[in-house]
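Structure below is coords-v7.cif: mmCIF, C-alpha atoms.
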```
data_my_file
#
loop_
_atom_site.label_atom_id
_atom_site.label_comp_id
_atom_site.auth_asym_id
_atom_site.auth_seq_id
_atom_site.Cartn_x
_atom_site.Cartn_y
_atom_site.Cartn_z
CA MET P 28 5.10 25.32 29.85
CA THR P 29 4.12 21.93 31.14
CA GLU P 30 1.29 23.34 33.19
CA GLU P 31 0.13 25.46 30.30
CA MET P 32 0.06 22.43 28.00
CA LYS P 33 -1.89 20.41 30.52
CA ALA P 34 -4.35 23.17 31.19
CA THR P 35 -4.92 23.86 27.51
CA ASN P 36 -5.24 20.15 26.89
CA ILE P 37 -8.00 19.89 29.45
CA THR P 38 -9.74 22.89 27.95
CA TRP P 39 -9.76 21.42 24.47
CA HIS P 40 -10.96 18.07 25.73
CA ASP P 41 -13.77 19.82 27.54
CA HIS P 42 -14.80 21.27 24.20
CA ALA P 43 -14.44 18.13 22.10
CA ILE P 44 -16.67 18.07 19.06
CA THR P 45 -19.53 15.66 19.53
CA ARG P 46 -21.58 13.77 17.01
CA ALA P 47 -24.48 16.06 17.88
CA ASP P 48 -22.33 19.09 16.99
CA ARG P 49 -21.58 17.55 13.62
CA GLU P 50 -25.21 16.63 13.02
CA ASN P 51 -26.28 20.18 13.76
CA LYS P 52 -23.75 21.51 11.30
CA ASN P 53 -24.57 18.95 8.59
CA GLY P 54 -28.31 19.39 8.93
CA HIS P 55 -29.05 15.69 9.20
CA GLY P 56 -28.53 12.83 11.59
CA ALA P 57 -25.75 10.29 11.43
CA ALA P 58 -26.41 6.59 10.99
CA VAL P 59 -24.93 3.24 10.05
CA LEU P 60 -26.91 1.57 7.30
CA TRP P 61 -25.81 -2.03 7.47
CA PHE P 62 -26.73 -3.81 4.23
CA THR P 63 -26.58 -7.58 4.49
CA GLY P 64 -27.45 -10.22 1.91
CA LEU P 65 -26.11 -12.74 -0.57
CA SER P 66 -23.56 -11.94 -3.24
CA ALA P 67 -25.34 -10.22 -6.18
CA SER P 68 -28.41 -9.47 -4.07
CA GLY P 69 -27.90 -5.76 -4.80
CA LYS P 70 -26.23 -4.41 -1.63
CA SER P 71 -23.49 -2.26 -3.21
CA CYS P 72 -25.71 -1.18 -6.02
CA ILE P 73 -28.43 0.14 -3.72
CA ALA P 74 -25.90 1.64 -1.29
CA GLN P 75 -24.25 3.56 -4.14
CA ALA P 76 -27.59 4.73 -5.53
CA LEU P 77 -28.63 5.88 -2.06
CA GLN P 78 -25.34 7.70 -1.62
CA MET P 79 -25.86 9.53 -4.90
CA TYR P 80 -29.30 10.65 -3.71
CA LEU P 81 -27.95 11.72 -0.31
CA PHE P 82 -25.04 13.61 -1.87
CA GLU P 83 -27.41 15.51 -4.12
CA GLN P 84 -29.44 16.38 -1.04
CA GLY P 85 -26.33 17.86 0.56
CA CYS P 86 -25.80 15.08 3.10
CA GLN P 87 -22.48 13.69 4.26
CA SER P 88 -22.52 10.04 3.25
CA TYR P 89 -20.03 7.31 2.48
CA VAL P 90 -20.10 3.69 1.37
CA LEU P 91 -17.81 1.01 2.75
CA ASP P 92 -17.74 -1.99 0.43
CA GLY P 93 -15.47 -4.62 -1.02
CA ASP P 94 -13.84 -2.14 -3.37
CA ASN P 95 -12.46 0.12 -0.66
CA VAL P 96 -12.15 -2.23 2.32
CA ARG P 97 -11.41 -5.78 1.19
CA HIS P 98 -8.42 -4.61 -0.86
CA GLY P 99 -7.25 -2.15 1.79
CA LEU P 100 -7.88 -2.39 5.51
CA ASN P 101 -8.87 -6.06 5.36
CA LYS P 102 -6.58 -7.33 2.63
CA ASP P 103 -4.94 -9.66 5.16
CA LEU P 104 -8.21 -11.53 5.73
CA GLY P 105 -9.69 -14.47 3.87
CA PHE P 106 -13.10 -16.12 3.99
CA SER P 107 -12.81 -18.61 6.84
CA PRO P 108 -15.38 -18.16 9.63
CA ALA P 109 -12.72 -16.54 11.87
CA ASP P 110 -11.59 -14.17 9.12
CA ARG P 111 -15.17 -13.31 8.21
CA GLU P 112 -15.79 -12.45 11.86
CA GLU P 113 -12.69 -10.22 12.03
CA ASN P 114 -13.64 -8.68 8.68
CA ILE P 115 -17.02 -7.63 10.03
CA ARG P 116 -15.58 -6.53 13.37
CA ARG P 117 -13.17 -4.11 11.67
CA ILE P 118 -15.81 -2.82 9.29
CA GLY P 119 -18.08 -2.26 12.28
CA GLU P 120 -15.37 -0.28 14.07
CA VAL P 121 -14.72 1.86 10.98
CA ALA P 122 -18.45 2.40 10.51
CA ALA P 123 -18.62 3.55 14.14
CA LEU P 124 -15.87 6.11 13.42
CA PHE P 125 -17.78 7.46 10.42
CA LEU P 126 -20.92 7.55 12.56
CA ASP P 127 -19.04 9.56 15.18
CA ALA P 128 -17.83 11.84 12.36
CA GLY P 129 -21.45 12.65 11.49
CA PHE P 130 -21.87 10.53 8.38
CA ILE P 131 -24.68 8.43 7.05
CA VAL P 132 -22.37 5.52 6.32
CA SER P 133 -23.54 2.49 4.38
CA THR P 134 -21.76 -0.84 4.56
CA ALA P 135 -22.28 -3.36 1.79
CA PHE P 136 -20.93 -6.74 2.82
CA ILE P 137 -22.50 -10.17 2.85
CA SER P 138 -21.97 -10.31 6.66
CA PRO P 139 -23.63 -13.72 6.91
CA TYR P 140 -23.57 -14.24 10.69
CA GLN P 141 -26.21 -12.74 12.98
CA ALA P 142 -23.80 -12.74 15.94
CA ASP P 143 -21.29 -10.57 14.06
CA ARG P 144 -23.99 -8.12 12.99
CA ASP P 145 -25.29 -7.99 16.55
CA LEU P 146 -21.82 -7.03 17.80
CA VAL P 147 -21.78 -4.09 15.40
CA ARG P 148 -25.26 -3.12 16.53
CA GLN P 149 -24.01 -2.98 20.12
CA LEU P 150 -21.08 -0.86 18.98
CA CYS P 151 -23.20 1.67 17.07
CA GLY P 152 -26.14 1.87 19.44
CA ASP P 153 -29.51 3.14 18.30
CA ARG P 154 -28.12 4.51 15.05
CA PHE P 155 -27.56 1.02 13.67
CA ILE P 156 -30.02 0.26 10.91
CA GLU P 157 -29.92 -3.30 9.61
CA ILE P 158 -31.05 -3.58 6.02
CA PHE P 159 -31.75 -7.07 4.76
CA VAL P 160 -31.30 -7.19 1.00
CA ASP P 161 -33.46 -10.22 0.43
CA CYS P 162 -33.14 -12.06 -2.86
CA PRO P 163 -33.53 -15.79 -3.54
CA VAL P 164 -30.22 -17.52 -4.12
CA ASP P 165 -31.31 -18.77 -7.54
CA VAL P 166 -32.02 -15.19 -8.66
CA CYS P 167 -28.61 -14.07 -7.35
CA ALA P 168 -26.98 -17.01 -9.13
CA GLN P 169 -28.77 -16.07 -12.34
CA ARG P 170 -27.51 -12.45 -12.13
CA ASP P 171 -23.99 -13.58 -11.16
CA PRO P 172 -22.28 -10.40 -12.53
CA LYS P 173 -18.79 -11.62 -11.61
CA GLY P 174 -19.35 -15.31 -12.43
CA LEU P 175 -18.79 -16.20 -8.78
CA TYR P 176 -21.80 -18.48 -8.37
CA GLN P 177 -20.72 -20.48 -11.41
CA LYS P 178 -17.22 -20.89 -9.97
CA ALA P 179 -18.63 -21.78 -6.55
CA LYS P 180 -20.85 -24.47 -8.06
CA GLU P 181 -17.79 -25.85 -9.83
CA GLY P 182 -16.07 -26.03 -6.46
CA LYS P 183 -13.50 -23.39 -7.47
CA ILE P 184 -14.48 -21.05 -4.61
CA PRO P 185 -14.61 -22.70 -1.18
CA GLU P 186 -16.96 -21.41 1.52
CA PHE P 187 -19.14 -19.36 -0.83
CA THR P 188 -22.14 -17.95 0.99
CA GLY P 189 -25.43 -19.48 -0.13
CA ILE P 190 -23.70 -22.37 -1.92
CA SER P 191 -21.12 -23.88 0.42
CA ALA P 192 -21.25 -21.54 3.41
CA PRO P 193 -24.28 -20.50 5.49
CA TYR P 194 -26.18 -17.21 5.38
CA GLU P 195 -28.15 -16.30 8.49
CA ALA P 196 -30.97 -13.99 7.45
CA PRO P 197 -31.71 -11.15 9.90
CA ALA P 198 -34.55 -11.99 12.25
CA ASN P 199 -35.71 -8.41 12.80
CA PRO P 200 -34.08 -6.04 10.30
CA GLU P 201 -35.10 -2.38 10.46
CA ILE P 202 -35.59 -2.46 6.69
CA LEU P 203 -36.41 -5.38 4.39
CA LEU P 204 -35.67 -4.89 0.70
CA GLN P 205 -36.84 -7.46 -1.81
CA THR P 206 -34.70 -6.96 -4.85
CA ALA P 207 -36.14 -9.77 -6.95
CA THR P 208 -39.36 -7.82 -7.25
CA HIS P 209 -38.38 -4.19 -6.57
CA SER P 210 -36.15 -1.83 -8.53
CA ILE P 211 -33.12 -0.04 -7.12
CA GLU P 212 -35.06 3.21 -7.19
CA GLU P 213 -37.90 1.66 -5.18
CA CYS P 214 -35.42 0.34 -2.64
CA VAL P 215 -33.76 3.75 -2.28
CA THR P 216 -37.18 5.32 -1.76
CA GLN P 217 -37.99 2.74 0.90
CA ILE P 218 -34.76 3.57 2.76
CA THR P 219 -35.13 7.35 2.58
CA ALA P 220 -38.72 7.06 3.81
CA TYR P 221 -37.40 5.14 6.82
CA LEU P 222 -34.67 7.73 7.43
CA ARG P 223 -37.25 10.55 7.36
CA LYS P 224 -39.53 8.72 9.75
CA ALA P 225 -36.57 8.06 12.08
CA GLY P 226 -35.60 11.74 11.99
CA ILE P 227 -32.21 11.07 10.36
CA LEU P 228 -33.32 13.04 7.32
CA ASN P 229 -35.60 16.05 7.48
CA ALA P 230 -39.18 15.24 6.63
CA MET G 8 -34.98 -7.71 -14.09
CA THR G 9 -31.48 -9.08 -14.22
CA GLU G 10 -30.58 -6.94 -17.19
CA GLU G 11 -32.18 -3.90 -15.62
CA MET G 12 -30.16 -4.40 -12.43
CA LYS G 13 -26.92 -4.77 -14.34
CA ALA G 14 -27.55 -1.77 -16.53
CA THR G 15 -28.51 0.42 -13.58
CA ASN G 16 -25.49 -0.84 -11.70
CA ILE G 17 -23.20 0.29 -14.50
CA THR G 18 -24.91 3.66 -14.63
CA TRP G 19 -24.43 4.28 -10.93
CA HIS G 20 -20.81 3.21 -11.02
CA ASP G 21 -20.23 5.62 -13.89
CA HIS G 22 -21.50 8.36 -11.63
CA ALA G 23 -19.61 7.41 -8.48
CA ILE G 24 -18.92 10.32 -6.17
CA THR G 25 -15.27 11.29 -6.29
CA ARG G 26 -13.11 12.99 -3.71
CA ALA G 27 -13.13 16.05 -5.96
CA ASP G 28 -16.95 16.10 -5.86
CA ARG G 29 -16.83 16.05 -2.08
CA GLU G 30 -14.16 18.75 -1.94
CA ASN G 31 -16.23 21.00 -4.18
CA LYS G 32 -19.24 20.52 -1.95
CA ASN G 33 -17.30 21.01 1.30
CA GLY G 34 -15.45 24.08 0.05
CA HIS G 35 -12.03 22.82 1.07
CA GLY G 36 -9.53 20.15 0.11
CA ALA G 37 -9.13 16.80 1.79
CA ALA G 38 -5.90 15.77 3.46
CA VAL G 39 -4.28 13.36 5.89
CA LEU G 40 -2.39 15.21 8.61
CA TRP G 41 -0.11 12.57 10.05
CA PHE G 42 1.14 13.69 13.45
CA THR G 43 4.13 11.71 14.69
CA GLY G 44 6.19 12.15 17.83
CA LEU G 45 6.91 10.84 21.30
CA SER G 46 4.28 10.20 23.93
CA ALA G 47 3.30 13.54 25.56
CA SER G 48 4.90 15.54 22.74
CA GLY G 49 1.51 17.15 22.07
CA LYS G 50 0.14 15.24 19.07
CA SER G 51 -3.44 14.66 20.23
CA CYS G 52 -3.62 18.04 21.91
CA ILE G 53 -2.67 19.94 18.77
CA ALA G 54 -4.79 17.70 16.53
CA GLN G 55 -7.84 18.37 18.72
CA ALA G 56 -7.16 22.11 18.83
CA LEU G 57 -6.77 22.16 15.05
CA GLN G 58 -10.01 20.22 14.64
CA MET G 59 -11.83 22.75 16.79
CA TYR G 60 -10.53 25.56 14.58
CA LEU G 61 -11.45 23.70 11.37
CA PHE G 62 -14.92 22.86 12.67
CA GLU G 63 -15.56 26.49 13.51
CA GLN G 64 -14.45 27.36 9.96
CA GLY G 65 -17.08 24.96 8.61
CA CYS G 66 -14.65 22.28 7.48
CA GLN G 67 -15.18 18.53 7.64
CA SER G 68 -12.46 17.22 9.92
CA TYR G 69 -11.86 14.25 12.18
CA VAL G 70 -9.17 13.03 14.54
CA LEU G 71 -8.06 9.42 14.79
CA ASP G 72 -6.18 8.83 18.02
CA GLY G 73 -5.68 6.33 20.80
CA ASP G 74 -9.06 7.11 22.30
CA ASN G 75 -11.08 6.03 19.29
CA VAL G 76 -8.77 3.54 17.56
CA ARG G 77 -6.59 1.72 20.08
CA HIS G 78 -9.65 0.68 22.10
CA GLY G 79 -11.71 -0.11 19.03
CA LEU G 80 -10.41 -1.14 15.63
CA ASN G 81 -6.95 -2.03 16.94
CA LYS G 82 -7.81 -3.40 20.35
CA ASP G 83 -6.37 -6.77 19.32
CA LEU G 84 -2.90 -5.25 18.84
CA GLY G 85 -0.08 -4.74 21.35
CA PHE G 86 3.18 -2.83 21.15
CA SER G 87 5.58 -5.33 19.58
CA PRO G 88 7.25 -4.14 16.36
CA ALA G 89 4.92 -6.34 14.28
CA ASP G 90 1.83 -5.08 16.10
CA ARG G 91 2.98 -1.47 15.84
CA GLU G 92 3.39 -1.97 12.10
CA GLU G 93 -0.10 -3.46 11.75
CA ASN G 94 -1.48 -0.69 13.98
CA ILE G 95 -0.13 1.97 11.66
CA ARG G 96 -1.13 0.07 8.53
CA ARG G 97 -4.77 -0.09 9.65
CA ILE G 98 -4.80 3.54 10.76
CA GLY G 99 -3.33 4.47 7.38
CA GLU G 100 -6.07 2.57 5.58
CA VAL G 101 -8.79 4.22 7.67
CA ALA G 102 -7.21 7.63 7.13
CA ALA G 103 -7.26 6.92 3.38
CA LEU G 104 -11.00 6.21 3.62
CA PHE G 105 -11.63 9.51 5.42
CA LEU G 106 -9.46 11.25 2.80
CA ASP G 107 -11.59 9.69 0.07
CA ALA G 108 -14.68 10.86 1.98
CA GLY G 109 -13.44 14.46 1.69
CA PHE G 110 -12.17 14.99 5.23
CA ILE G 111 -9.18 16.74 6.68
CA VAL G 112 -8.32 13.80 8.90
CA SER G 113 -5.64 14.05 11.57
CA THR G 114 -3.97 11.00 13.04
CA ALA G 115 -2.23 11.29 16.39
CA PHE G 116 -0.10 8.23 17.03
CA ILE G 117 3.54 7.86 17.98
CA SER G 118 4.13 5.93 14.71
CA PRO G 119 7.84 5.56 15.44
CA TYR G 120 9.00 3.84 12.25
CA GLN G 121 9.78 5.77 9.08
CA ALA G 122 9.03 2.73 6.88
CA ASP G 123 5.48 2.47 8.27
CA ARG G 124 4.85 6.17 7.75
CA ASP G 125 6.21 5.92 4.21
CA LEU G 126 3.75 3.13 3.45
CA VAL G 127 0.89 5.38 4.50
CA ARG G 128 2.32 8.18 2.40
CA GLN G 129 2.24 5.88 -0.63
CA LEU G 130 -1.34 4.97 0.21
CA CYS G 131 -2.55 8.57 0.53
CA GLY G 132 -0.54 10.12 -2.31
CA ASP G 133 0.12 13.83 -2.44
CA ARG G 134 -2.45 14.60 0.24
CA PHE G 135 -0.28 13.04 2.93
CA ILE G 136 1.17 15.71 5.20
CA GLU G 137 3.68 14.43 7.74
CA ILE G 138 3.79 16.58 10.87
CA PHE G 139 6.71 15.96 13.18
CA VAL G 140 5.78 16.98 16.71
CA ASP G 141 9.30 17.50 17.93
CA CYS G 142 9.91 17.63 21.67
CA PRO G 143 12.93 16.42 23.62
CA VAL G 144 12.30 13.20 25.49
CA ASP G 145 13.21 14.79 28.83
CA VAL G 146 10.54 17.46 28.32
CA CYS G 147 7.99 14.78 27.42
CA ALA G 148 9.03 12.77 30.47
CA GLN G 149 8.62 15.87 32.63
CA ARG G 150 5.09 16.49 31.33
CA ASP G 151 4.16 12.78 31.61
CA PRO G 152 0.39 13.43 31.96
CA LYS G 153 -0.43 9.74 32.32
CA GLY G 154 2.64 8.75 34.35
CA LEU G 155 3.79 6.50 31.51
CA TYR G 156 7.41 7.67 31.42
CA GLN G 157 7.72 7.01 35.13
CA LYS G 158 6.36 3.49 34.70
CA ALA G 159 8.60 2.89 31.67
CA LYS G 160 11.67 3.97 33.60
CA GLU G 161 10.68 1.57 36.37
CA GLY G 162 10.53 -1.19 33.75
CA LYS G 163 6.77 -1.58 34.17
CA ILE G 164 6.05 -0.80 30.49
CA PRO G 165 8.15 -2.77 28.00
CA GLU G 166 9.02 -1.32 24.61
CA PHE G 167 8.16 2.26 25.49
CA THR G 168 9.13 4.63 22.69
CA GLY G 169 11.99 6.95 23.62
CA ILE G 170 12.90 4.91 26.69
CA SER G 171 13.13 1.25 25.71
CA ALA G 172 11.99 1.30 22.07
CA PRO G 173 13.29 3.42 19.17
CA TYR G 174 11.75 6.51 17.61
CA GLU G 175 12.78 7.34 14.07
CA ALA G 176 12.33 11.08 13.55
CA PRO G 177 10.99 12.07 10.11
CA ALA G 178 13.79 13.05 7.73
CA ASN G 179 11.68 15.44 5.65
CA PRO G 180 8.36 16.20 7.30
CA GLU G 181 6.06 18.67 5.58
CA ILE G 182 5.62 20.46 8.91
CA LEU G 183 7.94 20.61 11.91
CA LEU G 184 6.37 21.66 15.21
CA GLN G 185 8.56 22.33 18.23
CA THR G 186 6.31 22.02 21.22
CA ALA G 187 8.94 22.64 23.90
CA THR G 188 9.15 26.24 22.74
CA HIS G 189 5.84 26.91 20.95
CA SER G 190 2.29 26.98 22.29
CA ILE G 191 -0.56 24.88 20.95
CA GLU G 192 -2.07 27.97 19.38
CA GLU G 193 1.20 28.75 17.58
CA CYS G 194 1.37 25.19 16.29
CA VAL G 195 -2.21 25.34 15.01
CA THR G 196 -1.42 28.60 13.24
CA GLN G 197 1.64 27.01 11.65
CA ILE G 198 -0.47 24.13 10.32
CA THR G 199 -3.30 26.28 8.98
CA ALA G 200 -0.76 28.52 7.23
CA TYR G 201 0.63 25.42 5.54
CA LEU G 202 -2.85 24.25 4.55
CA ARG G 203 -3.66 27.62 3.02
CA LYS G 204 -0.41 27.69 1.08
CA ALA G 205 -1.08 24.14 -0.16
CA GLY G 206 -4.58 25.12 -1.29
CA ILE G 207 -6.30 22.74 1.12
CA LEU G 208 -7.87 25.70 2.90
CA ASN G 209 -8.96 28.87 1.16
CA ALA G 210 -6.45 31.69 1.47
#
```

What would the structure in this file look like if it were written as structure tokens?
Amino acid sequence: MTEEMKATNITWHDHAITRADRENKNGHGAAVLWFTGLSASGKSCIAQALQMYLFEQGCQSYVLDGDNVRHGLNKDLGFSPADREENIRRIGEVAALFLDAGFIVSTAFISPYQADRDLVRQLCGDRFIEIFVDCPVDVCAQRDPKGLYQKAKEGKIPEFTGISAPYEAPANPEILLQTATHSIEECVTQITAYLRKAGILNA
Amino acid sequence: MTEEMKATNITWHDHAITRADRENKNGHGAAVLWFTGLSASGKSCIAQALQMYLFEQGCQSYVLDGDNVRHGLNKDLGFSPADREENIRRIGEVAALFLDAGFIVSTAFISPYQADRDLVRQLCGDRFIEIFVDCPVDVCAQRDPKGLYQKAKEGKIPEFTGISAPYEAPANPEILLQTATHSIEECVTQITAYLRKAGILNA
């Protein structure tokens, strides 16, 4: 029995399902779309809109954002620099799992530090697509859908990115979205055009 | 622009993609198959064999195990009771994300504590399927593919489940596999029969 188990084990491991197998089955490539930008810049909004488009196209896609990560996997983490780093590290690891599972996975977190984003890039290899959701802080503060900028200005939220904590803009993002002057639909179109050019989506 | 963003945002959120949407598209239900049992009881082996079967059937499935979690997401954790608890908590949260993404996700970890497994069950709701991979410790120690039992008996591995750390067998697992007397193929058949009966897989 022991030998049989071992032998079968080896056999199955020899035939492990690869990302390429999953991509062939799904009919599209896998990728990590890493949205980064200030609060209220439009990250989640665009990621969700993109996901809707991809789903309608028959793609396997998923969005990791504050709603399903900050209150779950990372509920033990706060907003200190160390906790922000661990927050991004874990999200990067989960994104890498979804990548391995054949998904086009979008992450929508401020992720203010270049070093943290670079670590995730190393983890995900050439399927890491950094998307800078660029929007001036005063426009974000004017939108302020959750009233966070107002609270931050009143000193009620410590270490708020763009107000009392730094944001390091990506130096060389694969995609630059300017949400103060472009609609969500235009941003989604810009991303899907990139994905087609990169061969992630069929032309 | 601000108003347009907000309005569009609300629209997209109203049309968020649900697990049911994904299940309809995939043609099968989503589930968390939580394998628990001693080291070398056969958890990973059976989970991988099941995944191969499911993949060939066109299902979306994924396996979380030591290979892709312990060295990634949970590489900061050891084997103390507190770290084991956090290990299982994080795996449970990631499994819940894959469940939400429409997958049949299998987890293959010793997960020795009933309380930790019960927390994951609460997290995943009625799609949590606890699979007890039951195998006597002496049979596991005889298989010992990685030589871990030998090292544990020599005192070289502290807190080794079944030798120097406790294993709490599930009281009421949905599926009971007895790997000392049943082959991997028989175990896979037992699981798929359960999934068909539960409506996760088509009959």

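Going from atom CA of Glu201 of chain P to atom CA of Ser68 of chain P covers 17.5 Å.
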
Selection under test: the PyMOL selection byres ((chain G and resi 53) around 12); residues as a PyMOL selection string: (chain P and resi 32-33+35-40) or (chain G and resi 40-44+47-52+54-60+70+72+113-115+138-140+184-186+189-199)

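We find atom CA of His55 of chain P and atom CA of Asp143 of chain P to be spaced 27.8 Å apart.
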
Provide the atom CA of Cys86 of chain P to atom CA of Ala43 of chain P distance in Å, to one decimal place. 22.3 Å

Can you turn the PyMOL selection byres ((chain G and resi 67) around 8) into a concrete residue list for this file, as a CSV table (one decimal) with C-alpha atoms, in the frame of the given file?
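Final output, part-v2.csv:
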```csv
chain,number,residue,atom,x,y,z
G,33,ASN,CA,-17.3,21.0,1.3
G,61,LEU,CA,-11.4,23.7,11.4
G,62,PHE,CA,-14.9,22.9,12.7
G,65,GLY,CA,-17.1,25.0,8.6
G,66,CYS,CA,-14.6,22.3,7.5
G,68,SER,CA,-12.5,17.2,9.9
G,69,TYR,CA,-11.9,14.2,12.2
G,109,GLY,CA,-13.4,14.5,1.7
G,110,PHE,CA,-12.2,15.0,5.2
G,111,ILE,CA,-9.2,16.7,6.7
```

Taking the file as shown, what set of residues would the PyMOL selection byres ((chain G and resi 26) around 6) give back, as a VMD selection string? chain G and resid 25 27 to 29 107 109

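For the set P:Leu100, P:Ala58, P:Ala220, P:Ala142, the residue with the smallest atom-to-atom gap to chain G is P:Leu100, counting all atoms listed in the file.
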
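In this comparison, which uses all atoms listed in the file, the residue of G:Lys32, G:Lys163, G:Arg134, G:Lys204 approaching chain P most closely is G:Lys32.
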
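When all atoms listed in the file are used to compute distances to chain G, the closest of the residues P:Ser191, P:Gln149, P:Gln169, P:Ser138 turns out to be P:Gln169.
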
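Counting only C-alpha atoms and comparing G:Ala187, G:Ala89, G:Ile170, G:Ile95, the residue that lies closest to chain P is G:Ala187.
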
Would you kindly return, as a VMD selection string, each protein, DNA or RNA residue with an atom no farther than 10 Å from any atom of Gly99 of chain P, considering only C-alpha atoms and excluding same-chain residues fewer than 5 positions away? (chain P and resid 93 to 94) or (chain G and resid 96 to 97 99 to 101 103 to 104 130)

Nearest residue to chain G out of P:Val132, P:Ala57, P:Ile227, P:Leu222, using only C-alpha atoms? P:Val132

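Distance annotation: of G:Ile136, G:Leu155, G:Leu126, G:Cys147, the residue with the minimal separation from chain P is G:Cys147; atom set is only C-alpha atoms.
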
Write out as a PyMOL selection string which residues come within 12 Å of Glu112 of chain P when counting all atoms listed in the file, dropping same-chain ones fewer than 6 positions away. chain P and resi 101+104-106+118-119+136-147

Could you write out as AutoDock Vina command-line options the box around segment 110-129 of chain P (axis-aligned, all atoms listed in the file, 4 Å on each side), with centre and edge lengths in Å to one decimal?
```
--center_x -16.5 --center_y -0.8 --center_z 11.7 --size_x 17.9 --size_y 34.8 --size_z 15.0
```

N, CA, C and O atoms modelled onto segment 198-211 of chain P, as a PDB file, in the coordinates of the input:
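That gives us selection.pdb:
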```pdb
ATOM      1  N   ALA P 198     -33.247 -11.654  11.678  1.00  0.00           N
ATOM      2  CA  ALA P 198     -34.550 -11.990  12.250  1.00  0.00           C
ATOM      3  C   ALA P 198     -35.466 -10.769  12.279  1.00  0.00           C
ATOM      4  O   ALA P 198     -36.653 -10.850  11.949  1.00  0.00           O
ATOM      5  N   ASN P 199     -34.902  -9.623  12.659  1.00  0.00           N
ATOM      6  CA  ASN P 199     -35.710  -8.410  12.800  1.00  0.00           C
ATOM      7  C   ASN P 199     -35.000  -7.191  12.210  1.00  0.00           C
ATOM      8  O   ASN P 199     -34.646  -6.258  12.933  1.00  0.00           O
ATOM      9  N   PRO P 200     -34.774  -7.188  10.901  1.00  0.00           N
ATOM     10  CA  PRO P 200     -34.080  -6.040  10.300  1.00  0.00           C
ATOM     11  C   PRO P 200     -34.957  -4.793  10.366  1.00  0.00           C
ATOM     12  O   PRO P 200     -36.190  -4.894  10.321  1.00  0.00           O
ATOM     13  N   GLU P 201     -34.323  -3.626  10.493  1.00  0.00           N
ATOM     14  CA  GLU P 201     -35.100  -2.380  10.460  1.00  0.00           C
ATOM     15  C   GLU P 201     -35.759  -2.182   9.097  1.00  0.00           C
ATOM     16  O   GLU P 201     -36.856  -1.633   8.990  1.00  0.00           O
ATOM     17  N   ILE P 202     -35.074  -2.624   8.050  1.00  0.00           N
ATOM     18  CA  ILE P 202     -35.590  -2.460   6.690  1.00  0.00           C
ATOM     19  C   ILE P 202     -35.416  -3.773   5.931  1.00  0.00           C
ATOM     20  O   ILE P 202     -34.359  -4.392   5.987  1.00  0.00           O
ATOM     21  N   LEU P 203     -36.462  -4.174   5.232  1.00  0.00           N
ATOM     22  CA  LEU P 203     -36.410  -5.380   4.390  1.00  0.00           C
ATOM     23  C   LEU P 203     -36.613  -4.971   2.940  1.00  0.00           C
ATOM     24  O   LEU P 203     -37.660  -4.427   2.584  1.00  0.00           O
ATOM     25  N   LEU P 204     -35.588  -5.214   2.136  1.00  0.00           N
ATOM     26  CA  LEU P 204     -35.670  -4.890   0.700  1.00  0.00           C
ATOM     27  C   LEU P 204     -35.774  -6.191  -0.081  1.00  0.00           C
ATOM     28  O   LEU P 204     -34.999  -7.122   0.169  1.00  0.00           O
ATOM     29  N   GLN P 205     -36.712  -6.246  -1.005  1.00  0.00           N
ATOM     30  CA  GLN P 205     -36.840  -7.460  -1.810  1.00  0.00           C
ATOM     31  C   GLN P 205     -36.480  -7.135  -3.251  1.00  0.00           C
ATOM     32  O   GLN P 205     -37.288  -6.603  -4.021  1.00  0.00           O
ATOM     33  N   THR P 206     -35.240  -7.455  -3.588  1.00  0.00           N
ATOM     34  CA  THR P 206     -34.700  -6.960  -4.850  1.00  0.00           C
ATOM     35  C   THR P 206     -35.055  -7.836  -6.058  1.00  0.00           C
ATOM     36  O   THR P 206     -34.764  -7.454  -7.186  1.00  0.00           O
ATOM     37  N   ALA P 207     -35.685  -8.975  -5.805  1.00  0.00           N
ATOM     38  CA  ALA P 207     -36.140  -9.770  -6.950  1.00  0.00           C
ATOM     39  C   ALA P 207     -37.389  -9.159  -7.568  1.00  0.00           C
ATOM     40  O   ALA P 207     -37.683  -9.383  -8.741  1.00  0.00           O
ATOM     41  N   THR P 208     -38.091  -8.372  -6.768  1.00  0.00           N
ATOM     42  CA  THR P 208     -39.360  -7.820  -7.250  1.00  0.00           C
ATOM     43  C   THR P 208     -39.423  -6.295  -7.198  1.00  0.00           C
ATOM     44  O   THR P 208     -40.417  -5.699  -7.614  1.00  0.00           O
ATOM     45  N   HIS P 209     -38.373  -5.653  -6.661  1.00  0.00           N
ATOM     46  CA  HIS P 209     -38.380  -4.190  -6.570  1.00  0.00           C
ATOM     47  C   HIS P 209     -37.114  -3.613  -7.202  1.00  0.00           C
ATOM     48  O   HIS P 209     -36.026  -4.176  -7.055  1.00  0.00           O
ATOM     49  N   SER P 210     -37.284  -2.477  -7.862  1.00  0.00           N
ATOM     50  CA  SER P 210     -36.150  -1.830  -8.530  1.00  0.00           C
ATOM     51  C   SER P 210     -35.241  -1.141  -7.523  1.00  0.00           C
ATOM     52  O   SER P 210     -35.615  -0.918  -6.361  1.00  0.00           O
ATOM     53  N   ILE P 211     -34.061  -0.794  -7.962  1.00  0.00           N
ATOM     54  CA  ILE P 211     -33.120  -0.040  -7.120  1.00  0.00           C
ATOM     55  C   ILE P 211     -33.770   1.249  -6.635  1.00  0.00           C
ATOM     56  O   ILE P 211     -33.663   1.609  -5.462  1.00  0.00           O
TER      57      ILE P 211
END
```
